[in-house]
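Asker: One structure, as structure tokens, below. Some questions next.
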Amino acid sequence: VQLQASGGGLVQAGGSLRLSCAASGRTFSGSAMGWFRQAPGKEREFVAAIRWKWGSTYYSDSVKGRFTIARDNAKSTVFLQMNSLKPEDTAVYYCAARTRGDAILTILKTATGYDYWGQGTQVTVSS
């Protein structure tokens with residue numbers, strides 16, 4: 001599975017961006033996809049995840065109510081709509097895919113719960 005992320009950029013605080021991540025190679029049949037982010041000098045942190053079959057979504061407290069994760073099963077693509085962006089959202093955003101079986105939420109919120117990673121896309125929010 002190869003993941004190609006796109007959609008990052010520079011935006012002013014309060015603005016919006018939409019990230020996309022397409023899984024290539026074959027139709028994605030894994031159990032979940034997620035988004036993580038890493039700011040300079042910080043560890044990679046969970047942002048959002050979606051269970052591929054059921055569409056259940058999960059968010060970190062820091063983005064809940066502002067970000068929305070969605071999927072297009074036919075295109076094997078996951079999206080992250082980011083609204084009301086804040087300077088603290090500035091980071092490199094990574095998409096990830098879990099090809100193993102389903103897992104509890106605790107696992108989906110950890111980087112080790114995923115098997116493939118995209119190359120990352122920079123999101124910069126200016127104040």
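Convention: chains lettered A, B, ... in structure tokens order; per-chain residue numbering from 1; ligands numbered from 1 as shown.
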I'd like the contact shell of stretch 2-14 of chain A - 10 Å cut-off, only C-alpha atoms, skipping same-chain residues fewer than 2 positions apart - returned as a ChimeraX atom specification.
Answerer: /A:16-26,76-97,116-127
Asker: If we count only C-alpha atoms and set the cut-off at 9 Å, which residues sit around A:Asn73, ignoring sequence neighbours fewer than 5 positions away in its own chain? Please answer as a PyMOL selection string.
Answerer: chain A and resi 27-29+52-53+78
Asker: Take the residues just selected and output them with N, CA, C and O atoms as a tab-separated table (two decimals), in the first residue's frame.
Answerer:
```
chain	number	residue	atom	x	y	z
A	27	THR	N	-7.46	-1.51	-4.22
A	27	THR	CA	-8.52	-0.96	-3.39
A	27	THR	C	-8.21	-1.25	-1.93
A	27	THR	O	-7.90	-2.39	-1.57
A	28	PHE	N	-8.26	-0.20	-1.13
A	28	PHE	CA	-7.92	-0.36	0.27
A	28	PHE	C	-8.95	-1.25	0.96
A	28	PHE	O	-10.15	-0.98	0.92
A	29	SER	N	-8.44	-2.27	1.63
A	29	SER	CA	-9.33	-3.19	2.32
A	29	SER	C	-8.93	-3.37	3.78
A	29	SER	O	-9.30	-4.35	4.41
A	52	TRP	N	-12.60	1.85	8.45
A	52	TRP	CA	-12.88	1.86	7.02
A	52	TRP	C	-14.22	1.24	6.67
A	52	TRP	O	-14.94	1.75	5.82
A	53	LYS	N	-14.59	0.16	7.32
A	53	LYS	CA	-15.83	-0.52	6.97
A	53	LYS	C	-17.05	0.23	7.51
A	53	LYS	O	-18.03	0.44	6.80
A	78	VAL	N	-8.82	9.01	1.97
A	78	VAL	CA	-9.28	9.59	3.23
A	78	VAL	C	-9.02	11.09	3.19
A	78	VAL	O	-8.04	11.53	2.60
```
Asker: Enumerate as an MDAnalysis selection string all residues of chain A assigned to strand (DSSP E or B) by DSSP on the backbone, naming them with the chain letters and numbers the document uses.
Answerer: chainID A and resid 2:6 9:12 17:24 32:38 45:51 57:59 67:72 77:82 91:98 116:117 121:126
Asker: Pick from A:Leu108, A:Ala74, A:Gly15, A:Ser31: nearest to A:Ala48, with only C-alpha atoms counted?
Answerer: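 Using only C-alpha atoms, the shortest distance to A:Ala48 belongs to A:Leu108.
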Asker: Please give the complete set of residues from chain A that DSSP, run on the backbone, assigns to helix (DSSP H, G or I), formatted as a list of chain:residue names.
Answerer: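 Taking chain A and keeping helix (DSSP H, G or I) gives A:Asn73, A:Ala74, A:Lys75, A:Pro87, A:Glu88, A:Asp89, A:Leu105, A:Thr106, A:Ile107, A:Leu108, A:Ala111, A:Thr112, A:Gly113.
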Asker: With N, CA and C atoms kept, could you save the residues just selected as a PDB file, in the first residue's frame?
Answerer:
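Output below, filename result_33.pdb:
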```pdb
ATOM      1  N   ASN A  73     -14.623   5.238  -0.129  1.00  0.00           N
ATOM      2  CA  ASN A  73     -14.228   3.844  -0.271  1.00  0.00           C
ATOM      3  C   ASN A  73     -13.851   3.503  -1.710  1.00  0.00           C
ATOM      4  N   ALA A  74     -14.630   4.003  -2.648  1.00  0.00           N
ATOM      5  CA  ALA A  74     -14.402   3.664  -4.053  1.00  0.00           C
ATOM      6  C   ALA A  74     -13.055   4.162  -4.542  1.00  0.00           C
ATOM      7  N   LYS A  75     -12.592   5.297  -3.983  1.00  0.00           N
ATOM      8  CA  LYS A  75     -11.319   5.875  -4.400  1.00  0.00           C
ATOM      9  C   LYS A  75     -10.197   5.567  -3.424  1.00  0.00           C
ATOM     10  N   PRO A  87      -2.780  28.723  14.956  1.00  0.00           N
ATOM     11  CA  PRO A  87      -1.317  28.603  14.779  1.00  0.00           C
ATOM     12  C   PRO A  87      -0.760  27.311  15.378  1.00  0.00           C
ATOM     13  N   GLU A  88      -1.359  26.837  16.456  1.00  0.00           N
ATOM     14  CA  GLU A  88      -0.870  25.602  17.075  1.00  0.00           C
ATOM     15  C   GLU A  88      -1.183  24.355  16.261  1.00  0.00           C
ATOM     16  N   ASP A  89      -1.945  24.503  15.192  1.00  0.00           N
ATOM     17  CA  ASP A  89      -2.174  23.376  14.280  1.00  0.00           C
ATOM     18  C   ASP A  89      -1.027  23.210  13.281  1.00  0.00           C
ATOM     19  N   LEU A 105      -9.926   1.496  20.123  1.00  0.00           N
ATOM     20  CA  LEU A 105      -9.608   2.898  19.888  1.00  0.00           C
ATOM     21  C   LEU A 105      -8.223   3.271  20.409  1.00  0.00           C
ATOM     22  N   THR A 106      -7.846   2.720  21.534  1.00  0.00           N
ATOM     23  CA  THR A 106      -6.529   3.026  22.099  1.00  0.00           C
ATOM     24  C   THR A 106      -5.422   2.725  21.096  1.00  0.00           C
ATOM     25  N   ILE A 107      -5.574   1.637  20.380  1.00  0.00           N
ATOM     26  CA  ILE A 107      -4.589   1.257  19.377  1.00  0.00           C
ATOM     27  C   ILE A 107      -4.633   2.217  18.196  1.00  0.00           C
ATOM     28  N   LEU A 108      -5.829   2.591  17.770  1.00  0.00           N
ATOM     29  CA  LEU A 108      -5.965   3.484  16.620  1.00  0.00           C
ATOM     30  C   LEU A 108      -5.412   4.883  16.899  1.00  0.00           C
ATOM     31  N   ALA A 111       0.691   5.556  16.887  1.00  0.00           N
ATOM     32  CA  ALA A 111       1.356   5.403  15.594  1.00  0.00           C
ATOM     33  C   ALA A 111       1.662   3.935  15.287  1.00  0.00           C
ATOM     34  N   THR A 112       1.944   3.164  16.296  1.00  0.00           N
ATOM     35  CA  THR A 112       2.272   1.750  16.087  1.00  0.00           C
ATOM     36  C   THR A 112       1.063   0.931  15.664  1.00  0.00           C
ATOM     37  N   GLY A 113      -0.114   1.518  15.722  1.00  0.00           N
ATOM     38  CA  GLY A 113      -1.306   0.811  15.285  1.00  0.00           C
ATOM     39  C   GLY A 113      -1.500   0.806  13.781  1.00  0.00           C
TER      40      GLY A 113
END
```
Asker: From the list A:Val1, A:Gly101, A:Ala32, A:Glu43, which residue is nearest A:Ile69 when using only C-alpha atoms?
Answerer: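 Using only C-alpha atoms, A:Ile69 sits closest to A:Ala32.
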Asker: Would you compute the distance between atom CA of A:Ala39 and atom CA of A:Lys109? Give it in Å to one decimal.
Answerer: 17.1 Å
Asker: Hey, can you check how far atom CA of A:Tyr58 sits from atom CA of A:Gly34?
Answerer: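 Atom-to-atom, atom CA of A:Tyr58 and atom CA of A:Gly34 are spaced 9.1 Å apart.
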Asker: Report the distance between atom CA of A:Ala49 and atom CA of A:Ala70 in Å, rounded to one decimal place.
Answerer: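 Separation between atom CA of A:Ala49 and atom CA of A:Ala70: 8.9 Å.
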